[in-house]
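Let me begin by presenting the structure, written as structure tokens, before commenting on it.
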Amino acid sequence: MNGHEFHHALIFCKDTCVGCSHCMRVCPTQAIRVSNGKAELLPNRCVDCGECYRVCPVEAIKVEQDDFELIFNFKYRVALVPGVLLGQLSEEINPKQIYSVLLELGFTHVCEVETGAEIIKTAMSDFIRQNPDTRPLISAFCPAIVRLIQVKFPSLVNHIIPMKPPLDLAGLFYKKLLMKEGAASDEIGIFYITPCPAKIAAIKKPVGEEKSIIDGVINMDFAYNKVLTTVKQSRAASCIIPETPHLSREAILWSLTTGESSIMPGRSLAIDGINNVIEFLEELENEEVSDIDFLELRSCDESCAGGILTSSNRFFTAERLRNRATIADRNAGNNVIHEMYDYLVDNSGNDKIQPRSMLKLDENIGGALEKMKKVNELMEILPYVDCGICGSPTCQSLAEDIVREEAEIGRCIFIQRILEQKGTFTQQESVAIMKKIWGEKKLDKDIK
Amino acid sequence: MHLQYEVEGGNFSKAGYASSEIKKVLKQLNVDARTIKRIVVSSYEAEVNIVAHAYKGTIDARIDQDKIELCYQDLGPGIPDIEQAMQAGFSTASPEVREMGFGAGMGLPNIKNNADKLEITSEVGTGTKVIITIALTPEEN
């Protein structure tokens with residue numbers, strides 16, 4: 001197992017973790033195990049979707065973020081703000097107030113992420129029309145989905161549109177804009193206020209490119225709290241608010257479900273929620289799905305409005321963004337970014353995305369067949385209960401862990417009982433194994 | 001390795017189950033994605049053929065290092081003229097079945113295009129046996 005290739009923005013804090021296994025049960029790629037009373041992440045399986053973060057009852061899963069002071073390494077400090085930050089705050093707080101808080105924090109410029117969507121909407125439509133032989137084409141917008149396809153649906157990687165998301169184009173656009181005004185490239189720091197750990201992972205370890213245009217990330221809950229604190233304390237914004245390009249209706253709606261599918265050519269489908277996406281991709285891989293041109297797939301329910309690091313109710317966030325879109329300037333979108341259309345499109349491509357299957361039992365078919373035979377034999381004796389007491393999420397994953405020599409059969413509580421009855425296993429041995437999985441404390445309680 | 005599945009004629013809601021299970025196994029065996037696709041296309045078509053035309057059937061998948069052999073044996077009306085059935089567009093499917101998106105007459109031709117070897121034997125009034133063989137190649141890294 002080689003974990004060094006993968007960067008994950010989710011950090012499991014052993015000191016806080018109480019070993020409850022909630023995270024292990026919800027992980028859609030079975031990337032979590034429990035050992036010594038703590039959750040552990042298998043790096044080559046994790047896709048940074050953050051479902052574990054949502055269910056952790058003790059906040060033992062943290063999302064990596066850059067030290068805020070990092071922004072001051074740059075003369076020009078650009079905050080890329082996604083629409084969902086605005087959508088999380090009541091409509092009484094206007095975008096200018098939000099931007100002014102960011103400027104007070106130390107940024108020198110603010111740009112909306114969806115500015116990049118003004119370019120992508122045309123470039124991606126063109127790509128779909130120009131590549132009629134690959135169907136359906138899948139948007140690369142959601143980085144958790146790109147990783148999901150790499151590890152779980154390697155045969156579908158060729159369907160992913162090799163195009164950067166709006167975020168990267170907004171970064172490219174703003175950098176170029178400042179350089180036109182005389183700034184040097186290394187004086188400009190581009191920072192993204194993110195609702196999403198997968199975006200962080202995608203920036204720190206990009207798929208399909210060498211290095212990201214984004215210099216750092218600020219978690220959205222941090223920005224959300226700063227804005228609300230300022231507003232609640234009625235501190236008026238004292239700085240000059242920059243004019244940002246007015247977004248078109250399509251750009252405002254881009255990060256919501258159907259944001260892409262509703263404007264792409266041909267027959268398009270939008271699916272949100274990672275488990276819904278997995279179910280659909282299985283059917284696609286089974287050749288049961290045909291005649292679809294474009295798929296918009298988002299890991300979070302309600303797409304980015306339901307991002308892991310958002311604080312407000314996702315349905316209200318989506319509603320606010322839809323309201324904002326209805327009053328969008330009809331002539332918006334025809335702005336300065338279009339003057340850079342050719343430059344941005346030329347730089348919007350990504351390298352081909354490579355598969356990295358987590359499913360294979362062995363590189364070699366013969367070796368994998370041997371291992372699968374052993375897995376099937378184990379499944380004959382395992383209980384099919386998927387209780388998770390062994391520290392693996394399902395009986396099947398325990399069987400695979402055993403075959404990979406990462407666990408042993410004695411971990412199964414049913415097997416322990418069977419062997420105890422036969423007299424080949426002692427209660428002490430069972431307790432010792434349980435302590436190894438769940439830690440000393442859980443099995444060392446004074447019960448009257 | 002040997003996998004076996006029972007197929008019920010007329011049950012379209014379960015059509016494709018065996019094909020999907022076979023696919024999951026092949027992914028775990030690190031079989032090359034393009035080969036898996038060929039196997040999935042042929043196994044899905046052959047499975048749907050049983051569902052659409054026969055009363056019931058059995059699928060036997062035998063996998064070794066070098067190849068997969070898929071055997072589809074059904075109890076059904078049989079095929080009177082196999083050569084005709086192999087022609088693209090030829091179909092005996094009822095309008096109801098066509099409405100469900102099946103029965104376009106591409107089943108057997110599609111299998112033939114994707115299989116390394118295809119053997120069909122049939123007896124009218126008894127049933128049909130389809131054997132598909134596809135060589136396995138590992139995914140390159």
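Convention: chains lettered A, B, ... in structure tokens order; per-chain residue numbering from 1; ligands numbered from 1 as shown.
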
For chain B against chain A, with a cut-off of 12 Å and counting only C-alpha atoms, what is the closest atom pair and its distance in Å to one decimal for every residue that makes the cut, ordered by chain and number, as a Markdown table?
| residue | atom | partner | partner_atom | distance |
| --- | --- | --- | --- | --- |
| B:Met1 | CA | A:Leu369 | CA | 7.3 |
| B:His2 | CA | A:Lys373 | CA | 9.9 |
| B:Leu3 | CA | A:Asn376 | CA | 11.0 |
| B:Phe12 | CA | A:Glu288 | CA | 11.8 |
| B:Ser13 | CA | A:Glu288 | CA | 11.7 |
| B:Lys14 | CA | A:Glu288 | CA | 11.8 |
| B:Ala15 | CA | A:Glu288 | CA | 9.6 |
| B:Gly16 | CA | A:Asn286 | CA | 7.5 |
| B:Tyr17 | CA | A:Asn286 | CA | 9.1 |
| B:Ala18 | CA | A:Asn286 | CA | 10.2 |
| B:Ser19 | CA | A:Asn286 | CA | 7.1 |
| B:Ser20 | CA | A:Asn286 | CA | 5.8 |
| B:Glu21 | CA | A:Asn286 | CA | 9.5 |
| B:Ile22 | CA | A:Asn286 | CA | 9.8 |
| B:Lys23 | CA | A:Asn286 | CA | 7.5 |
| B:Lys24 | CA | A:Leu359 | CA | 8.8 |
| B:Val25 | CA | A:Met372 | CA | 8.4 |
| B:Leu26 | CA | A:Lys360 | CA | 8.6 |
| B:Lys27 | CA | A:Lys360 | CA | 6.2 |
| B:Gln28 | CA | A:Lys360 | CA | 4.0 |
| B:Leu29 | CA | A:Ala368 | CA | 5.0 |
| B:Asn30 | CA | A:Lys360 | CA | 5.0 |
| B:Val31 | CA | A:Ile365 | CA | 6.8 |
| B:Asp32 | CA | A:Ser155 | CA | 8.4 |
| B:Ala33 | CA | A:Ser155 | CA | 4.9 |
| B:Arg34 | CA | A:Ser155 | CA | 7.2 |
| B:Thr35 | CA | A:Ser155 | CA | 9.8 |
| B:Ile36 | CA | A:Ser155 | CA | 8.2 |
| B:Lys37 | CA | A:Glu285 | CA | 7.7 |
| B:Arg38 | CA | A:Glu287 | CA | 10.1 |
| B:Ile39 | CA | A:Asn286 | CA | 9.8 |
| B:Val40 | CA | A:Asn286 | CA | 6.1 |
| B:Val41 | CA | A:Glu287 | CA | 6.3 |
| B:Ser42 | CA | A:Glu287 | CA | 9.8 |
| B:Ser43 | CA | A:Asn286 | CA | 9.5 |
| B:Tyr44 | CA | A:Asn286 | CA | 7.5 |
| B:Glu45 | CA | A:Glu287 | CA | 9.4 |
| B:Glu47 | CA | A:Asn286 | CA | 11.9 |
| B:Val48 | CA | A:Glu288 | CA | 10.7 |
| B:Arg62 | CA | A:Leu369 | CA | 11.5 |
| B:Ile63 | CA | A:Leu369 | CA | 8.4 |
| B:Asp64 | CA | A:Gly366 | CA | 7.3 |
| B:Gln65 | CA | A:Gly366 | CA | 4.9 |
| B:Asp66 | CA | A:Ile365 | CA | 8.2 |
| B:Lys67 | CA | A:Ile365 | CA | 10.1 |
| B:Ile68 | CA | A:Ile365 | CA | 11.6 |
| B:Gly101 | CA | A:Ser290 | CA | 10.0 |
| B:Phe102 | CA | A:Glu288 | CA | 10.6 |
| B:Ala135 | CA | A:Ile365 | CA | 11.8 |
| B:Leu136 | CA | A:Ile365 | CA | 8.3 |
| B:Thr137 | CA | A:Ile365 | CA | 8.0 |
| B:Pro138 | CA | A:Ile365 | CA | 6.3 |
| B:Glu139 | CA | A:Glu363 | CA | 7.8 |
| B:Glu140 | CA | A:Glu363 | CA | 8.7 |
| B:Asn141 | CA | A:Arg356 | CA | 8.8 |

Hey, what does DSSP flag as strand (DSSP E or B) within chain B? Can you give it to me as a PyMOL selection string?
chain B and resi 2-8+31+56-63+67-75+117-123+127-135+138

Could you write out that same residue set with C-alpha atoms as a compact mmCIF listing (two decimals), in the first residue's frame?
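File written: result-v6.txt
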# COMPACT_ATOMS: atom_id res chain seq x y z
CA HIS B 2 -16.81 -20.76 -11.23
CA LEU B 3 -19.80 -18.43 -10.77
CA GLN B 4 -23.37 -19.47 -11.37
CA TYR B 5 -26.57 -17.44 -11.69
CA GLU B 6 -30.17 -18.36 -12.32
CA VAL B 7 -32.15 -16.13 -14.70
CA GLU B 8 -35.91 -15.77 -14.70
CA VAL B 31 -8.49 -7.24 -15.78
CA LYS B 56 -35.65 -19.54 -17.49
CA GLY B 57 -31.93 -20.08 -17.78
CA THR B 58 -28.61 -20.60 -16.07
CA ILE B 59 -25.42 -18.61 -16.47
CA ASP B 60 -22.09 -20.28 -15.75
CA ALA B 61 -19.00 -18.10 -15.74
CA ARG B 62 -15.65 -19.86 -15.61
CA ILE B 63 -12.63 -17.64 -15.08
CA LYS B 67 -9.77 -16.36 -20.31
CA ILE B 68 -13.38 -16.14 -19.25
CA GLU B 69 -15.92 -18.61 -20.59
CA LEU B 70 -19.55 -17.61 -20.21
CA CYS B 71 -22.19 -20.26 -20.81
CA TYR B 72 -25.87 -19.24 -21.18
CA GLN B 73 -28.19 -22.22 -21.21
CA ASP B 74 -31.93 -21.57 -21.39
CA LEU B 75 -35.22 -23.40 -21.52
CA LYS B 117 -15.23 -16.94 -29.71
CA LEU B 118 -19.00 -17.43 -29.89
CA GLU B 119 -20.76 -20.78 -30.12
CA ILE B 120 -24.54 -21.08 -30.41
CA THR B 121 -26.50 -24.28 -30.40
CA SER B 122 -30.27 -24.37 -30.31
CA GLU B 123 -33.15 -26.78 -30.49
CA GLY B 127 -33.82 -24.10 -25.63
CA THR B 128 -30.60 -22.37 -26.61
CA LYS B 129 -27.02 -22.58 -25.42
CA VAL B 130 -24.65 -19.67 -26.01
CA ILE B 131 -20.97 -19.95 -25.10
CA ILE B 132 -18.87 -16.80 -25.16
CA THR B 133 -15.10 -16.91 -24.69
CA ILE B 134 -12.96 -13.83 -24.17
CA ALA B 135 -9.22 -13.77 -23.44
CA PRO B 138 -4.18 -7.60 -17.12

Using DSSP on the backbone coordinates, identify all residues within region 243-335 of chain A classified as alpha helix (DSSP H); present the result as a PyMOL selection string.
chain A and resi 249-253+274-285+314-326

With N, CA and C atoms retained, export the selected residues as a PDB file, in the first residue's frame.
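Result file is out-v6.pdb:
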ATOM      1  N   ARG A 249     -26.586  34.646 -14.978  1.00  0.00           N
ATOM      2  CA  ARG A 249     -27.459  33.723 -14.267  1.00  0.00           C
ATOM      3  C   ARG A 249     -26.832  32.319 -14.235  1.00  0.00           C
ATOM      4  N   GLU A 250     -26.315  31.867 -15.385  1.00  0.00           N
ATOM      5  CA  GLU A 250     -25.730  30.518 -15.470  1.00  0.00           C
ATOM      6  C   GLU A 250     -24.547  30.363 -14.524  1.00  0.00           C
ATOM      7  N   ALA A 251     -23.721  31.420 -14.448  1.00  0.00           N
ATOM      8  CA  ALA A 251     -22.539  31.327 -13.594  1.00  0.00           C
ATOM      9  C   ALA A 251     -22.939  31.258 -12.122  1.00  0.00           C
ATOM     10  N   ILE A 252     -23.940  32.040 -11.737  1.00  0.00           N
ATOM     11  CA  ILE A 252     -24.387  32.039 -10.338  1.00  0.00           C
ATOM     12  C   ILE A 252     -24.899  30.648  -9.936  1.00  0.00           C
ATOM     13  N   LEU A 253     -25.576  29.984 -10.874  1.00  0.00           N
ATOM     14  CA  LEU A 253     -26.178  28.689 -10.568  1.00  0.00           C
ATOM     15  C   LEU A 253     -25.223  27.504 -10.747  1.00  0.00           C
ATOM     16  N   ILE A 274     -23.013  11.320  -3.125  1.00  0.00           N
ATOM     17  CA  ILE A 274     -21.996  10.367  -3.618  1.00  0.00           C
ATOM     18  C   ILE A 274     -22.547   8.952  -3.759  1.00  0.00           C
ATOM     19  N   ASN A 275     -23.464   8.543  -2.897  1.00  0.00           N
ATOM     20  CA  ASN A 275     -23.990   7.179  -3.023  1.00  0.00           C
ATOM     21  C   ASN A 275     -24.908   7.045  -4.240  1.00  0.00           C
ATOM     22  N   ASN A 276     -25.629   8.105  -4.567  1.00  0.00           N
ATOM     23  CA  ASN A 276     -26.427   8.102  -5.800  1.00  0.00           C
ATOM     24  C   ASN A 276     -25.517   8.014  -7.019  1.00  0.00           C
ATOM     25  N   VAL A 277     -24.398   8.742  -6.942  1.00  0.00           N
ATOM     26  CA  VAL A 277     -23.455   8.741  -8.064  1.00  0.00           C
ATOM     27  C   VAL A 277     -22.867   7.339  -8.251  1.00  0.00           C
ATOM     28  N   ILE A 278     -22.496   6.693  -7.136  1.00  0.00           N
ATOM     29  CA  ILE A 278     -21.919   5.344  -7.220  1.00  0.00           C
ATOM     30  C   ILE A 278     -22.914   4.381  -7.875  1.00  0.00           C
ATOM     31  N   GLU A 279     -24.160   4.460  -7.432  1.00  0.00           N
ATOM     32  CA  GLU A 279     -25.189   3.581  -7.989  1.00  0.00           C
ATOM     33  C   GLU A 279     -25.329   3.792  -9.500  1.00  0.00           C
ATOM     34  N   PHE A 280     -25.314   5.062  -9.893  1.00  0.00           N
ATOM     35  CA  PHE A 280     -25.470   5.365 -11.320  1.00  0.00           C
ATOM     36  C   PHE A 280     -24.261   4.904 -12.128  1.00  0.00           C
ATOM     37  N   LEU A 281     -23.061   5.124 -11.594  1.00  0.00           N
ATOM     38  CA  LEU A 281     -21.857   4.742 -12.338  1.00  0.00           C
ATOM     39  C   LEU A 281     -21.751   3.227 -12.498  1.00  0.00           C
ATOM     40  N   GLU A 282     -22.260   2.480 -11.497  1.00  0.00           N
ATOM     41  CA  GLU A 282     -22.305   1.012 -11.655  1.00  0.00           C
ATOM     42  C   GLU A 282     -23.150   0.663 -12.881  1.00  0.00           C
ATOM     43  N   GLU A 283     -24.316   1.311 -12.993  1.00  0.00           N
ATOM     44  CA  GLU A 283     -25.201   1.023 -14.128  1.00  0.00           C
ATOM     45  C   GLU A 283     -24.566   1.442 -15.454  1.00  0.00           C
ATOM     46  N   LEU A 284     -23.882   2.564 -15.412  1.00  0.00           N
ATOM     47  CA  LEU A 284     -23.209   3.034 -16.624  1.00  0.00           C
ATOM     48  C   LEU A 284     -22.147   2.021 -17.051  1.00  0.00           C
ATOM     49  N   GLU A 285     -21.393   1.540 -16.080  1.00  0.00           N
ATOM     50  CA  GLU A 285     -20.337   0.571 -16.367  1.00  0.00           C
ATOM     51  C   GLU A 285     -20.925  -0.764 -16.837  1.00  0.00           C
ATOM     52  N   ARG A 314     -28.362  23.685   3.686  1.00  0.00           N
ATOM     53  CA  ARG A 314     -28.050  23.674   2.262  1.00  0.00           C
ATOM     54  C   ARG A 314     -29.227  24.051   1.377  1.00  0.00           C
ATOM     55  N   PHE A 315     -30.439  23.777   1.826  1.00  0.00           N
ATOM     56  CA  PHE A 315     -31.608  24.110   0.987  1.00  0.00           C
ATOM     57  C   PHE A 315     -31.827  25.624   0.949  1.00  0.00           C
ATOM     58  N   PHE A 316     -31.576  26.284   2.085  1.00  0.00           N
ATOM     59  CA  PHE A 316     -31.677  27.751   2.096  1.00  0.00           C
ATOM     60  C   PHE A 316     -30.562  28.374   1.254  1.00  0.00           C
ATOM     61  N   THR A 317     -29.378  27.785   1.353  1.00  0.00           N
ATOM     62  CA  THR A 317     -28.260  28.296   0.547  1.00  0.00           C
ATOM     63  C   THR A 317     -28.617  28.225  -0.939  1.00  0.00           C
ATOM     64  N   ALA A 318     -29.148  27.060  -1.345  1.00  0.00           N
ATOM     65  CA  ALA A 318     -29.519  26.892  -2.750  1.00  0.00           C
ATOM     66  C   ALA A 318     -30.628  27.882  -3.128  1.00  0.00           C
ATOM     67  N   GLU A 319     -31.573  28.052  -2.237  1.00  0.00           N
ATOM     68  CA  GLU A 319     -32.682  28.975  -2.518  1.00  0.00           C
ATOM     69  C   GLU A 319     -32.165  30.402  -2.710  1.00  0.00           C
ATOM     70  N   ARG A 320     -31.252  30.819  -1.824  1.00  0.00           N
ATOM     71  CA  ARG A 320     -30.723  32.194  -1.933  1.00  0.00           C
ATOM     72  C   ARG A 320     -29.977  32.397  -3.251  1.00  0.00           C
ATOM     73  N   LEU A 321     -29.207  31.367  -3.646  1.00  0.00           N
ATOM     74  CA  LEU A 321     -28.480  31.511  -4.909  1.00  0.00           C
ATOM     75  C   LEU A 321     -29.451  31.553  -6.093  1.00  0.00           C
ATOM     76  N   ARG A 322     -30.522  30.792  -6.012  1.00  0.00           N
ATOM     77  CA  ARG A 322     -31.514  30.816  -7.099  1.00  0.00           C
ATOM     78  C   ARG A 322     -32.205  32.185  -7.152  1.00  0.00           C
ATOM     79  N   ASN A 323     -32.493  32.727  -5.959  1.00  0.00           N
ATOM     80  CA  ASN A 323     -33.076  34.070  -5.929  1.00  0.00           C
ATOM     81  C   ASN A 323     -32.131  35.082  -6.552  1.00  0.00           C
ATOM     82  N   ARG A 324     -30.862  34.931  -6.212  1.00  0.00           N
ATOM     83  CA  ARG A 324     -29.870  35.864  -6.743  1.00  0.00           C
ATOM     84  C   ARG A 324     -29.801  35.753  -8.269  1.00  0.00           C
ATOM     85  N   ALA A 325     -29.916  34.519  -8.749  1.00  0.00           N
ATOM     86  CA  ALA A 325     -29.838  34.309 -10.196  1.00  0.00           C
ATOM     87  C   ALA A 325     -31.012  34.955 -10.923  1.00  0.00           C
ATOM     88  N   THR A 326     -32.182  34.975 -10.302  1.00  0.00           N
ATOM     89  CA  THR A 326     -33.347  35.537 -10.991  1.00  0.00           C
ATOM     90  C   THR A 326     -33.209  37.039 -11.202  1.00  0.00           C
TER      91      THR A 326
END

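Taking CA of Leu177 (chain A) as the reference point, CA of Glu64 (chain A) is found at 29.3 Å.
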
Please identify all polymer residues within 10 Å of Tyr384 (chain A), counting only C-alpha atoms, omitting same-chain residues fewer than 5 positions from it, and present them as a compact mmCIF listing (two decimals) with N, CA and C atoms, in the first residue's frame.
# COMPACT_ATOMS: atom_id res chain seq x y z
N MET A 379 -15.84 -15.79 3.14
CA MET A 379 -17.24 -15.31 3.15
C MET A 379 -18.21 -16.45 3.51
N THR A 394 -17.36 -4.02 6.59
CA THR A 394 -18.28 -5.09 6.19
C THR A 394 -17.55 -6.43 6.30
N CYS A 395 -18.32 -7.52 6.28
CA CYS A 395 -17.71 -8.86 6.27
C CYS A 395 -16.80 -9.01 5.04
N GLN A 396 -17.29 -8.52 3.90
CA GLN A 396 -16.50 -8.59 2.68
C GLN A 396 -15.17 -7.86 2.83

Contact residues around Ala85 (chain B) with only C-alpha atoms at 10 Å, ignoring same-chain residues under 4 positions, as a JSON list (two decimals) with C-alpha atoms, in the first residue's frame:
[["chain", "number", "residue", "atom", "x", "y", "z"],
["B", 79, "ILE", "CA", -33.79, -20.27, -32.48],
["B", 80, "PRO", "CA", -35.03, -21.78, -35.77],
["B", 81, "ASP", "CA", -32.44, -20.04, -37.96],
["B", 89, "GLY", "CA", -31.42, -5.69, -36.91],
["B", 90, "PHE", "CA", -33.16, -9.05, -37.01],
["B", 91, "SER", "CA", -35.53, -9.29, -34.06],
["B", 92, "THR", "CA", -38.47, -11.36, -32.91],
["B", 105, "GLY", "CA", -31.95, -6.92, -33.03],
["B", 106, "MET", "CA", -28.40, -6.04, -32.05],
["B", 107, "GLY", "CA", -27.98, -8.61, -29.27],
["B", 108, "LEU", "CA", -26.23, -11.50, -31.00],
["B", 109, "PRO", "CA", -24.30, -9.33, -33.50]]

Interatomic distance (Å, one decimal) between CA of Pro265 (chain A) and CA of Arg98 (chain B)
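Calculated distance between CA of Pro265 (chain A) and CA of Arg98 (chain B) is 27.1 Å.
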
Long-range neighbours of Arg135 (chain A) as number ranges by chain, 8 Å cut-off, only C-alpha atoms, 5 positions minimum in chain
A: 159, 291-294

Selection export as a compact mmCIF listing (two decimals), in the first residue's frame, atoms kept: C-alpha atoms:
# COMPACT_ATOMS: atom_id res chain seq x y z
CA HIS A 159 -15.15 9.87 -19.97
CA ASP A 291 -27.95 7.91 -25.17
CA ILE A 292 -26.70 10.36 -22.56
CA ASP A 293 -24.32 13.08 -23.72
CA PHE A 294 -23.27 14.71 -20.49
